[in-house]
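The next block holds one structure in the form of structure tokens; read it before the comments.
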Amino acid sequence: MTNKTMSEPVHLALPDGSPAPPPGCKVCGALAAEGERAQAAGDLSKVSDCNGEIREHKNAHPRRQR
Ligand SMILES: [Zn+2]
């Protein structure tokens, strides 16, 4: 029993720019706003930092909670 034709499209973050913050998450919303400000200021390392934390949404933001 093998599933040979299991292809599911995987949508990760956009190649450049910020990942879309899931609606309803205050942490992601704050991170997105922070990332936008950092981008406007040219602080790209902070931008990628924020983006990385938004991607951790699915893991319940381990760096933000407790
Ligand atoms: Zn989140």
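In the structure tokens, chains take the letters A, B, ... in the order shown, each chain's residues start at 1, and ligands count up from 1 in the order shown.
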
Kindly work out which residues sit at most 10 Å from ligand 1, using only C-alpha atoms and all ligand atoms, and give the list as JSON, numbers by chain. {"A": [21, 22, 23, 24, 25, 26, 27, 28, 29, 30, 31, 32, 53, 54, 55, 56, 57, 58, 59, 60, 61, 64]}

Write the residues of the selection above to a file with C-alpha atoms, as a JSON list (two decimals), in the first residue's frame.
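Contents of part37.json, freshly written:
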```
[["chain", "number", "residue", "atom", "x", "y", "z"],
["A", 21, "PRO", "CA", 1.13, 37.06, 9.84],
["A", 22, "PRO", "CA", -1.75, 34.76, 10.71],
["A", 23, "PRO", "CA", -4.79, 36.86, 11.59],
["A", 24, "GLY", "CA", -5.68, 36.91, 15.23],
["A", 25, "CYS", "CA", -2.17, 36.35, 16.57],
["A", 26, "LYS", "CA", -0.96, 39.31, 18.56],
["A", 27, "VAL", "CA", 2.61, 38.06, 18.56],
["A", 28, "CYS", "CA", 2.71, 37.78, 14.79],
["A", 29, "GLY", "CA", 0.96, 41.10, 14.35],
["A", 30, "ALA", "CA", 3.53, 42.81, 16.54],
["A", 31, "LEU", "CA", 6.36, 41.03, 14.77],
["A", 32, "ALA", "CA", 5.02, 42.04, 11.37],
["A", 53, "GLU", "CA", 9.68, 34.40, 14.59],
["A", 54, "ILE", "CA", 6.52, 34.72, 12.54],
["A", 55, "ARG", "CA", 7.36, 31.38, 10.99],
["A", 56, "GLU", "CA", 7.50, 29.96, 14.49],
["A", 57, "HIS", "CA", 3.81, 30.67, 14.83],
["A", 58, "LYS", "CA", 3.07, 27.05, 14.02],
["A", 59, "ASN", "CA", 5.27, 26.10, 16.94],
["A", 60, "ALA", "CA", 3.45, 28.49, 19.27],
["A", 61, "HIS", "CA", 6.30, 31.01, 19.33],
["A", 64, "ARG", "CA", 8.12, 34.51, 22.85]]
```

Any idea what the distance is between atom CA of A:Arg37 and atom CA of A:Gly52?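 Between these atoms lies a distance of 15.6 Å.
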